[in-house]
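Input: a single structure, listed below in structure tokens.
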Amino acid sequence: MSPFTLTRTLPADATAAALRADVAHGLTRSPKQLPPKWFYDARGSELFEEITRLPEYYPTRAEREILHARAPEIAKATGARTLVELGSGSSEKTRLLIGALGGPLTYVPIDVSESALTGAGEALLADHRDLSVHALVADFQHGLALPETPGPRLVAFLGGTIGNLLPQERARFLSSVRALLSPGDALLLGTDLVKDETTLVAAYDDAQGVTAAFNKNVLSVIDRELGADFHPDDFDHVAVWDREQEWIEMRLRARADVTVKVPALDLSVDFTRGETMRTEVSAKFREEGVRAELAAAGLALRHWWTDTEGRFALSLAFP
Ligand code: AVJ
């Protein structure tokens with residue numbers, strides 16, 4: 001059997017249908033909103049990679065520091081023979097885990113982007129004998145099913161991406177992950193932590209404007225995919241810390257009254273000058289909150305590791 005297989009559980013047109021539904025819904029409600037998953041076309045993924053190298057954007061470096069320090073402990077605590085990675089994207093941090101777990105190992109990267117999966121899968125196979133890769137094209141927010149692979153399994157959800165889900169969505173998501181796990185399996189979860197507002201806002205509103213370009217890129221995606229006539233420069237990038245909800249919100253704020261046509265949806269949308277549209281929530285966490293959310297999903301927090309500056313955490317939880 002080939003060490004690389006790819007399974008598509010998403011119909012090829014599901015992504016297009018989901019984009020249409022999200023845009024139709026998000027642009028006709030008040031306040032307007034768009035889900036953050038549409039940032040990540042080829043350009044958006046490139047911009048995100050650039051964000052991870054910005055001096056202000058600490059989460060990627062902090063999480064890498066933790067993985068670097070703790071990968072051997074994670075391997076020992078889990079004994080995992082299958083590593084499942086949700087929203088795998090680029091596989092750089094995964095390498096630390098794969099190296100520590102050792103072979104024989106099955107790696108199951110799950111992503112909506114088939115090109116990201118093939119690229120990352122092939123690069124990993126080149127460097128690791130005793131690795132099989134079973135890539136899944138799937139949307140992890142909607143009904144996950146895993147291939148039959150050796151246990152124990154370690155499901156990793158890194159980067160703090162769980163913070164993009166609203167509290168209710170997180171509860172549903174964690175329960176669906178729990179349902180995938182058998183006794184002895186584990187979840188490794190990356191969460192960004194609550195900290196001072198200046199640090200948080202700077203991470204989402206960098207001096208070079210890369211995050212601003214990333215935020216506005218969602219408008220280019222809608223222009224290209226749905227024939228809309230957004231002019232990204234008609235909008236300003238805004239990042240605010242919501243201290244009640246303990247999340248960063250990214251918004252786009254209309255610089256003038258603008259009307260946008262979305263031909264594919266037969267839609268015309270008016271923005272008034274100063275009107276804002278939410279494009280992302282990035283929740284920040286505390287240990288007790290993570291423990292409680294895991295427990296509510298039937299998962300027991302066994303290890304809580306942070307970087308030396310206490311900015312980011314990795315949780316290891318068991319059913
Ligand atoms: C990839 C979802 C973890 O929320 O920090 C980076 C995305 N948004 N800068 C985050 C993002 C703005 C990032 N995640």
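Labels for the structure tokens follow display order: chains A, B, ..., residues from 1 in each chain, ligands from 1.
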
Surroundings of ligand 1 up to 9 Å, based on only C-alpha atoms and all ligand atoms, as a PyMOL selection string: chain A and resi 36-37+39+48+51-52+57+59-60+158-164+191-192+203-205+210-212+214-215+239+248+250+280-283

Return as a Markdown table the residues of region 138-211 of chain A lying at most 9 Å from region 95-116 of chain A, together with the closest atom-to-atom pair for each and the distance in Å to one decimal, counting only C-alpha atoms, with rows in chain order and ascending residue number.
| residue | atom | partner | partner_atom | distance |
| --- | --- | --- | --- | --- |
| A:Ala138 | CA | A:Val112 | CA | 5.2 |
| A:Asp139 | CA | A:Val112 | CA | 5.6 |
| A:Phe140 | CA | A:Ile110 | CA | 7.3 |
| A:Leu146 | CA | A:Val108 | CA | 8.4 |
| A:Pro147 | CA | A:Val108 | CA | 8.4 |
| A:Thr149 | CA | A:Thr106 | CA | 7.0 |
| A:Pro150 | CA | A:Thr106 | CA | 7.5 |

Of the listed residues A:Thr118, A:Thr272, A:Gln245, A:Thr259, that which approaches Asp229 (chain A) most closely, counting only C-alpha atoms: A:Thr259

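Proximity ranking of A:Ala300, A:Ala16, A:Arg64, A:Ala186 relative to Arg81 (chain A) places A:Ala186 first, based on only C-alpha atoms.
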
DSSP strand (DSSP E) selection over region 23-111 of chain A, as a count of residues only: 12

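Using only C-alpha atoms, the nearest neighbour of Ala21 (chain A) within the list A:Lys93, A:Ile222, A:Leu200, A:Phe173 is A:Ile222.
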
A:Glu148, A:Glu249, A:Glu169, A:Asp270 ranked by distance to Thr28 (chain A), top pick (using only C-alpha atoms): A:Asp270

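The closest residue to Asp234 (chain A), picked from A:Leu181, A:Val218, A:Leu34, A:Leu252 and counting only C-alpha atoms, is A:Leu252.
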
Residue neighbourhood region 305-318 of chain A, 8 Å, only C-alpha atoms, exclusion window fewer than 6 positions, as number ranges by chain: A: 58-59, 62-63, 65-66, 70, 74, 183-195, 294, 299

Leu219 (chain A) surroundings by only C-alpha atoms, 8 Å radius, close-in-sequence under 3 positions cut, as a list in words: Lys216, Ile222, Asp223, Phe230, His231 and Pro232 of chain A

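Considering the residues A:Asp236, A:Asp41, A:Glu244, A:Glu288 and counting only C-alpha atoms, Gly274 (chain A) has its shortest atom-to-atom contact with A:Asp236.
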
Helix (DSSP H, G or I) call set, DSSP backbone run, region 148-293 of chain A, as a ChimeraX atom specification: /A:161-164,167-180,197-203,210-226,232-234,263-265,287-293

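Note that CA of Phe4 (chain A) and CA of Ala120 (chain A) are 11.1 Å apart.
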
Atom-to-atom span, CA of Arg243 (chain A) and CA of Arg178 (chain A), Å: 29.5 Å

Contact residues around Ala228 (chain A) with only C-alpha atoms at 10 Å, ignoring same-chain residues under 5 positions, as a ChimeraX atom specification: /A:219-223,260-268

Shell around Ala292 (chain A) at 12 Å using only C-alpha atoms, local window under 3 positions removed, as JSON, numbers by chain: {"A": [167, 170, 171, 174, 285, 286, 287, 288, 289, 295, 296, 297, 298, 299, 300, 301, 317]}
